[in-house]
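Undergrad: Before we start, here is the structure in question, set down as structure tokens.
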Amino acid sequence: MNILKQTVIAALSAGLMMSCSQGNDVPLVFDSENTASSYDAPELPSLDELEVVETLPDPFLFADGRREVRRYGQWEKRRAEILAQLQHYEVGFKPETPREAVSARLAGDTLVTEITVNGETLAIRSIINYPEGEGPFPAIIGIGMGAGSLPRHIFEERGIAMISFPFWEVMSHTQKRGEEPINRLYPDQLEIGSYAAWPWGVSRVLDALEILGAESRIDMEHLAISGCSFAGKMALWAGAMDERIALTIAQEPGGGGAASWRVSETLGNVETLGRTNYSWFKESMRMFSEENVTRLPVDHHELCALVAPRALLVFGNPDYEWLADESGYVSCVAARKVWERFGIADRMGYSFIDGHMHCMLPESQWSELEAFVDRFLLGKDVQTDVRTAPMFEDVDVNKWINW
């Protein structure tokens, strides 16, 4: 065996050993909303100061351009940078709310979360569907209703509680800026997009569950969140922004969710950055529409990557062109490389299946959902290497990834 070949084999073996070692040591969930909150924000240049980046931005490259994330221990700081960029350029900064501003009580099976800021109080009323027994129960937070648009029986049969998130009690589907419930608490946050406001509400519900403790009968180490379409985006943003969520399930999230703004710009009649619903984002994000999308220093494979090292499952439906699922596929493949680098690739899965109605998960995807639920909510030793996208087999992902 020649020296070059020996060197290559040794390097690959060392990489595999490092990957496996990292995977064994990497947490599945955290007990705080944002472990990276102590880091200073990176420089956030104006549009004319930003570089043109035609391909997907490198999620491993620190904002100073001089260092790269090579091991899990470096991810927290890089995660802080990505989170700051997404909030600054796209949705606005999620308000920071002290725990003492939050109170919690149970009214029957309704969790009442009250947040009092600036002399104003906002109430979020979440219905909890409990299984039989004493608990504590793993739980899924469903946008709008208990399990979102996912089949309820999958959770009912497994003794998993279902907690509704009534997003309209924080901000309506199509906000009127300055006139929403959250604006009473934060009247200066007029530019905030829904995808900062709604995740703020989810985090306050998690605060309430923590405040109640054993009284809530919820297992805080085994929480999931899910929604579909605009609510699929919401679930993804919420999971990205709160590290107490162990499993994020984004169903058909489309543009503004898992799909890459850059890739979507090259497709047909899809939800591009310039065509999205701007009540969900900062109005100033429009400056990155069309050809300026390549100046955006971040993209949505990095939004997905913010969930790492926790679990993420993305469902797509290519029958609906507007969802830009080819873009979503490219983004998921790129995002998964973050989990791969830390030796935990089986915590991130994606499944794009056609032949079904929007937000109606077909039986062909049930087993994939069940695997992620069994492993990350119930702690079972099951296989979660989910990578299903037969219609995109010929898509050249590598032209978008040069890192």
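Order determines the names: the first chain of the structure tokens is A, the second B, and so forth; residues in each chain are numbered 1 upward, and ligands are numbered 1 upward as they are shown.
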Determine which residues of range 45-149 of chain A receive a DSSP assignment of strand (DSSP E or B), computed from the backbone, and state them as a PyMOL selection string.

TA: chain A and resi 61+68+102-107+110-117+120-129+137-143

Undergrad: Next, dump the selected residues to file, keeping only C-alpha atoms, as a CSV table (one decimal), in the first residue's frame.

TA:
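Final output, saved to again_12.csv:
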```csv
chain,number,residue,atom,x,y,z
A,61,LEU,CA,-17.5,29.6,8.7
A,68,GLU,CA,-14.3,27.4,10.9
A,102,VAL,CA,-44.4,35.2,33.3
A,103,SER,CA,-47.1,33.6,35.4
A,104,ALA,CA,-48.8,30.2,34.9
A,105,ARG,CA,-51.9,28.3,36.0
A,106,LEU,CA,-54.0,25.4,35.0
A,107,ALA,CA,-57.7,26.0,34.5
A,110,THR,CA,-56.1,24.6,29.8
A,111,LEU,CA,-52.7,26.1,30.5
A,112,VAL,CA,-53.0,29.8,31.0
A,113,THR,CA,-49.7,31.7,30.4
A,114,GLU,CA,-49.7,35.4,31.3
A,115,ILE,CA,-46.9,37.8,30.4
A,116,THR,CA,-46.9,41.2,32.0
A,117,VAL,CA,-44.5,43.8,30.5
A,120,GLU,CA,-49.8,45.3,30.0
A,121,THR,CA,-50.7,41.7,30.2
A,122,LEU,CA,-51.0,39.2,27.4
A,123,ALA,CA,-52.6,35.8,28.0
A,124,ILE,CA,-52.0,32.6,26.0
A,125,ARG,CA,-54.5,29.8,26.6
A,126,SER,CA,-53.2,26.4,25.5
A,127,ILE,CA,-55.5,23.3,25.7
A,128,ILE,CA,-53.6,20.2,26.9
A,129,ASN,CA,-54.9,16.8,25.8
A,137,PHE,CA,-45.8,12.8,29.8
A,138,PRO,CA,-43.7,13.7,26.7
A,139,ALA,CA,-45.6,16.3,24.7
A,140,ILE,CA,-46.0,17.8,21.3
A,141,ILE,CA,-46.9,21.5,20.8
A,142,GLY,CA,-49.2,21.7,17.8
A,143,ILE,CA,-49.7,25.1,16.0
```

Undergrad: Using only C-alpha atoms, determine which residues lie at most 9 Å from Tyr195 in chain A, disregarding the query and same-chain residues fewer than 6 positions distant; provide the list as a ChimeraX atom specification.

TA: /A:90-92,94,233-234,237-238,280-281

Undergrad: Extract, using only C-alpha atoms, all DNA, RNA and protein residues at most 6 Å from Gly146 in chain A, discarding same-chain residues fewer than 4 positions from it, and format them as a PyMOL selection string.

TA: chain A and resi 142+162-164

Undergrad: Measuring between only C-alpha atoms, which one of A:His222, A:Arg66, A:Lys282, A:Arg275 shows the shortest distance to Arg375 in chain A?

TA: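 Closest to Arg375 in chain A, using only C-alpha atoms: A:His222.
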
Undergrad: Tell me which of A:Arg295, A:Arg99, A:Arg244, A:Arg204 sits closest to Pro27 in chain A, counting only C-alpha atoms.

TA: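 That would be A:Arg244, the residue with the smallest distance to Pro27 in chain A.
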
Undergrad: Please tabulate, as CSV, the residues of range 321-381 of chain A that come within 12 Å of range 153-161 of chain A, each with its closest pair of atoms and the distance in Å to one decimal, counting only C-alpha atoms and ordering rows by chain, then residue number upward.

TA:
```
residue,atom,partner,partner_atom,distance
A:Leu361,CA,A:Ile154,CA,11.7
A:Glu363,CA,A:Ile154,CA,11.2
A:Gln365,CA,A:Ile154,CA,11.8
A:Trp366,CA,A:Ile154,CA,8.3
A:Ser367,CA,A:Ile154,CA,9.8
A:Glu368,CA,A:Ile154,CA,11.4
A:Leu369,CA,A:Ile154,CA,8.5
A:Glu370,CA,A:Ile154,CA,7.0
A:Ala371,CA,A:Ile154,CA,10.6
A:Phe372,CA,A:Ile154,CA,11.3
A:Val373,CA,A:Phe155,CA,8.3
A:Asp374,CA,A:Arg158,CA,8.4
A:Arg375,CA,A:Arg158,CA,11.9
A:Phe376,CA,A:Ile160,CA,11.9
A:Leu377,CA,A:Ile160,CA,8.2
A:Leu378,CA,A:Arg158,CA,8.4
A:Gly379,CA,A:Arg158,CA,11.9
A:Lys380,CA,A:Arg158,CA,11.7
```

Undergrad: Put those residues in a file: C-alpha atoms, as a PDB file, in the first residue's frame.

TA:
```pdb
ATOM      1  CA  LEU A 361     -49.565  13.460   5.882  1.00  0.00           C
ATOM      2  CA  GLU A 363     -49.548   6.801   5.330  1.00  0.00           C
ATOM      3  CA  GLN A 365     -44.718   8.963   5.746  1.00  0.00           C
ATOM      4  CA  TRP A 366     -46.218   7.691   8.989  1.00  0.00           C
ATOM      5  CA  SER A 367     -43.375   5.272   9.703  1.00  0.00           C
ATOM      6  CA  GLU A 368     -40.820   8.079   9.335  1.00  0.00           C
ATOM      7  CA  LEU A 369     -42.756  10.265  11.768  1.00  0.00           C
ATOM      8  CA  GLU A 370     -43.211   7.356  14.176  1.00  0.00           C
ATOM      9  CA  ALA A 371     -39.485   6.634  14.189  1.00  0.00           C
ATOM     10  CA  PHE A 372     -38.592  10.219  15.154  1.00  0.00           C
ATOM     11  CA  VAL A 373     -41.344  10.325  17.786  1.00  0.00           C
ATOM     12  CA  ASP A 374     -40.308   6.970  19.252  1.00  0.00           C
ATOM     13  CA  ARG A 375     -36.661   7.944  19.483  1.00  0.00           C
ATOM     14  CA  PHE A 376     -36.746  11.581  20.512  1.00  0.00           C
ATOM     15  CA  LEU A 377     -39.908  11.690  22.632  1.00  0.00           C
ATOM     16  CA  LEU A 378     -39.943   8.148  24.015  1.00  0.00           C
ATOM     17  CA  GLY A 379     -36.226   7.337  24.068  1.00  0.00           C
ATOM     18  CA  LYS A 380     -36.516   4.134  22.039  1.00  0.00           C
TER      19      LYS A 380
END
```

Undergrad: What are the closest atom pairs, with distances in Å to one decimal, for all residues of range 184-248 of chain A lying within 12 Å of range 255-266 of chain A? Consider only C-alpha atoms, order rows by chain and residue number, and present the result as CSV.

TA:
```
residue,atom,partner,partner_atom,distance
A:Gly193,CA,A:Gly256,CA,11.6
A:Ser194,CA,A:Gly256,CA,11.4
A:Tyr195,CA,A:Gly256,CA,9.2
A:Gly227,CA,A:Gly257,CA,11.2
A:Cys228,CA,A:Gly257,CA,10.3
A:Ser229,CA,A:Gly257,CA,8.7
A:Phe230,CA,A:Gly257,CA,8.2
A:Ala231,CA,A:Gly257,CA,9.4
A:Gly232,CA,A:Gly257,CA,7.1
A:Lys233,CA,A:Gly257,CA,4.4
A:Met234,CA,A:Gly257,CA,7.8
A:Ala235,CA,A:Gly257,CA,8.9
A:Leu236,CA,A:Gly257,CA,6.6
A:Trp237,CA,A:Gly257,CA,7.6
A:Ala238,CA,A:Gly257,CA,11.0
A:Gly239,CA,A:Gly257,CA,11.5
A:Ala240,CA,A:Gly257,CA,10.9
A:Thr248,CA,A:Ala258,CA,11.9
```

Undergrad: So that I have them on file, write out the residues from the current selection with N, CA and C atoms, as a PDB file, in the first residue's frame.

TA:
```pdb
ATOM      1  N   GLY A 193     -41.413  40.761  12.706  1.00  0.00           N
ATOM      2  CA  GLY A 193     -42.187  39.848  11.889  1.00  0.00           C
ATOM      3  C   GLY A 193     -42.832  38.767  12.740  1.00  0.00           C
ATOM      4  N   SER A 194     -43.839  38.133  12.185  1.00  0.00           N
ATOM      5  CA  SER A 194     -44.546  37.083  12.921  1.00  0.00           C
ATOM      6  C   SER A 194     -43.613  35.959  13.347  1.00  0.00           C
ATOM      7  N   TYR A 195     -42.584  35.686  12.524  1.00  0.00           N
ATOM      8  CA  TYR A 195     -41.716  34.558  12.838  1.00  0.00           C
ATOM      9  C   TYR A 195     -40.674  34.878  13.901  1.00  0.00           C
ATOM     10  N   GLY A 227     -46.156  22.041  12.903  1.00  0.00           N
ATOM     11  CA  GLY A 227     -47.189  22.790  12.207  1.00  0.00           C
ATOM     12  C   GLY A 227     -47.013  22.543  10.724  1.00  0.00           C
ATOM     13  N   CYS A 228     -47.966  23.001   9.924  1.00  0.00           N
ATOM     14  CA  CYS A 228     -47.904  22.785   8.480  1.00  0.00           C
ATOM     15  C   CYS A 228     -48.118  24.086   7.722  1.00  0.00           C
ATOM     16  N   SER A 229     -47.456  24.207   6.563  1.00  0.00           N
ATOM     17  CA  SER A 229     -47.547  25.377   5.696  1.00  0.00           C
ATOM     18  C   SER A 229     -47.011  26.604   6.441  1.00  0.00           C
ATOM     19  N   PHE A 230     -47.797  27.686   6.583  1.00  0.00           N
ATOM     20  CA  PHE A 230     -47.278  28.848   7.326  1.00  0.00           C
ATOM     21  C   PHE A 230     -46.949  28.438   8.769  1.00  0.00           C
ATOM     22  N   ALA A 231     -47.714  27.483   9.301  1.00  0.00           N
ATOM     23  CA  ALA A 231     -47.451  26.981  10.651  1.00  0.00           C
ATOM     24  C   ALA A 231     -46.252  26.037  10.671  1.00  0.00           C
ATOM     25  N   GLY A 232     -45.918  25.453   9.506  1.00  0.00           N
ATOM     26  CA  GLY A 232     -44.696  24.668   9.405  1.00  0.00           C
ATOM     27  C   GLY A 232     -43.473  25.564   9.516  1.00  0.00           C
ATOM     28  N   LYS A 233     -43.561  26.732   8.895  1.00  0.00           N
ATOM     29  CA  LYS A 233     -42.502  27.733   9.065  1.00  0.00           C
ATOM     30  C   LYS A 233     -42.416  28.133  10.536  1.00  0.00           C
ATOM     31  N   MET A 234     -43.580  28.366  11.142  1.00  0.00           N
ATOM     32  CA  MET A 234     -43.618  28.787  12.533  1.00  0.00           C
ATOM     33  C   MET A 234     -42.955  27.761  13.448  1.00  0.00           C
ATOM     34  N   ALA A 235     -43.268  26.492  13.219  1.00  0.00           N
ATOM     35  CA  ALA A 235     -42.667  25.440  14.032  1.00  0.00           C
ATOM     36  C   ALA A 235     -41.154  25.419  13.859  1.00  0.00           C
ATOM     37  N   LEU A 236     -40.692  25.610  12.613  1.00  0.00           N
ATOM     38  CA  LEU A 236     -39.250  25.598  12.356  1.00  0.00           C
ATOM     39  C   LEU A 236     -38.564  26.772  13.046  1.00  0.00           C
ATOM     40  N   TRP A 237     -39.121  27.967  12.913  1.00  0.00           N
ATOM     41  CA  TRP A 237     -38.542  29.140  13.571  1.00  0.00           C
ATOM     42  C   TRP A 237     -38.563  28.969  15.088  1.00  0.00           C
ATOM     43  N   ALA A 238     -39.649  28.433  15.635  1.00  0.00           N
ATOM     44  CA  ALA A 238     -39.744  28.244  17.084  1.00  0.00           C
ATOM     45  C   ALA A 238     -38.721  27.227  17.571  1.00  0.00           C
ATOM     46  N   GLY A 239     -38.586  26.109  16.829  1.00  0.00           N
ATOM     47  CA  GLY A 239     -37.608  25.104  17.205  1.00  0.00           C
ATOM     48  C   GLY A 239     -36.186  25.612  17.091  1.00  0.00           C
ATOM     49  N   ALA A 240     -35.944  26.459  16.092  1.00  0.00           N
ATOM     50  CA  ALA A 240     -34.610  27.035  15.918  1.00  0.00           C
ATOM     51  C   ALA A 240     -34.260  27.989  17.045  1.00  0.00           C
ATOM     52  N   THR A 248     -38.214  19.045  16.406  1.00  0.00           N
ATOM     53  CA  THR A 248     -38.959  19.975  15.562  1.00  0.00           C
ATOM     54  C   THR A 248     -39.430  19.241  14.316  1.00  0.00           C
TER      55      THR A 248
END
```

Undergrad: Contacts of range 172-176 of chain A at 10 Å or less, counting only C-alpha atoms, minus same-chain residues fewer than 3 places along, as a PDB file with N, CA and C atoms, in the first residue's frame?

TA:
```pdb
ATOM      1  N   PRO A 166     -52.195  28.654  20.465  1.00  0.00           N
ATOM      2  CA  PRO A 166     -53.108  29.582  19.775  1.00  0.00           C
ATOM      3  C   PRO A 166     -52.346  30.837  19.339  1.00  0.00           C
ATOM      4  N   PHE A 167     -51.718  30.760  18.186  1.00  0.00           N
ATOM      5  CA  PHE A 167     -50.805  31.815  17.736  1.00  0.00           C
ATOM      6  C   PHE A 167     -51.475  33.175  17.651  1.00  0.00           C
ATOM      7  N   TRP A 168     -52.784  33.197  17.367  1.00  0.00           N
ATOM      8  CA  TRP A 168     -53.506  34.458  17.176  1.00  0.00           C
ATOM      9  C   TRP A 168     -53.575  35.267  18.475  1.00  0.00           C
ATOM     10  N   GLU A 169     -53.330  34.644  19.615  1.00  0.00           N
ATOM     11  CA  GLU A 169     -53.322  35.386  20.869  1.00  0.00           C
ATOM     12  C   GLU A 169     -52.027  36.179  21.050  1.00  0.00           C
ATOM     13  N   GLU A 179     -50.685  46.856  15.975  1.00  0.00           N
ATOM     14  CA  GLU A 179     -52.021  46.648  16.514  1.00  0.00           C
ATOM     15  C   GLU A 179     -52.237  45.237  17.042  1.00  0.00           C
ATOM     16  N   GLU A 180     -51.181  44.480  17.177  1.00  0.00           N
ATOM     17  CA  GLU A 180     -51.292  43.086  17.604  1.00  0.00           C
ATOM     18  C   GLU A 180     -51.119  42.960  19.123  1.00  0.00           C
ATOM     19  N   PRO A 181     -51.589  41.849  19.712  1.00  0.00           N
ATOM     20  CA  PRO A 181     -51.458  41.678  21.166  1.00  0.00           C
ATOM     21  C   PRO A 181     -50.044  41.895  21.686  1.00  0.00           C
ATOM     22  N   LEU A 190     -42.253  47.682  16.273  1.00  0.00           N
ATOM     23  CA  LEU A 190     -43.229  47.778  15.198  1.00  0.00           C
ATOM     24  C   LEU A 190     -42.809  47.014  13.951  1.00  0.00           C
ATOM     25  N   GLY A 193     -41.413  40.761  12.706  1.00  0.00           N
ATOM     26  CA  GLY A 193     -42.187  39.848  11.889  1.00  0.00           C
ATOM     27  C   GLY A 193     -42.832  38.767  12.740  1.00  0.00           C
ATOM     28  N   SER A 194     -43.839  38.133  12.185  1.00  0.00           N
ATOM     29  CA  SER A 194     -44.546  37.083  12.921  1.00  0.00           C
ATOM     30  C   SER A 194     -43.613  35.959  13.347  1.00  0.00           C
ATOM     31  N   TRP A 198     -44.272  34.862  17.040  1.00  0.00           N
ATOM     32  CA  TRP A 198     -44.856  33.568  17.395  1.00  0.00           C
ATOM     33  C   TRP A 198     -43.885  32.681  18.182  1.00  0.00           C
ATOM     34  N   PHE A 230     -47.797  27.686   6.583  1.00  0.00           N
ATOM     35  CA  PHE A 230     -47.278  28.848   7.326  1.00  0.00           C
ATOM     36  C   PHE A 230     -46.949  28.438   8.769  1.00  0.00           C
ATOM     37  N   ALA A 231     -47.714  27.483   9.301  1.00  0.00           N
ATOM     38  CA  ALA A 231     -47.451  26.981  10.651  1.00  0.00           C
ATOM     39  C   ALA A 231     -46.252  26.037  10.671  1.00  0.00           C
ATOM     40  N   ASN A 277     -45.242  36.538   2.202  1.00  0.00           N
ATOM     41  CA  ASN A 277     -46.147  37.391   2.960  1.00  0.00           C
ATOM     42  C   ASN A 277     -45.303  38.240   3.915  1.00  0.00           C
ATOM     43  N   TYR A 278     -45.264  39.535   3.683  1.00  0.00           N
ATOM     44  CA  TYR A 278     -44.359  40.379   4.451  1.00  0.00           C
ATOM     45  C   TYR A 278     -44.868  40.738   5.840  1.00  0.00           C
ATOM     46  N   SER A 279     -46.068  40.337   6.189  1.00  0.00           N
ATOM     47  CA  SER A 279     -46.474  40.493   7.588  1.00  0.00           C
ATOM     48  C   SER A 279     -45.710  39.504   8.463  1.00  0.00           C
ATOM     49  N   TRP A 280     -45.155  38.475   7.839  1.00  0.00           N
ATOM     50  CA  TRP A 280     -44.410  37.455   8.588  1.00  0.00           C
ATOM     51  C   TRP A 280     -42.953  37.855   8.829  1.00  0.00           C
TER      52      TRP A 280
END
```

Undergrad: From the set A:Ala345, A:Ile353, A:Leu247, A:Val330, which residue has the shortest atom-to-atom contact distance to Asp394 in chain A, counting only C-alpha atoms?

TA: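 Distance minimum relative to Asp394 in chain A lands on A:Val330.
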
Undergrad: May I have the residues within 12 Å of Asn269 in chain A as a list in words, using only C-alpha atoms and disregarding those fewer than 6 positions away in the same chain?

TA: Gly255, Arg275, Thr276, Tyr320, Glu321, Trp322, Leu323, Ala324 and Asp325 of chain A

Undergrad: Between A:Ala311, A:Glu302, A:Ala41, A:Val293, which one has atoms that come closest to Ala224 in chain A, using only C-alpha atoms?

TA: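 Of all the options, A:Ala311 lies closest to Ala224 in chain A.
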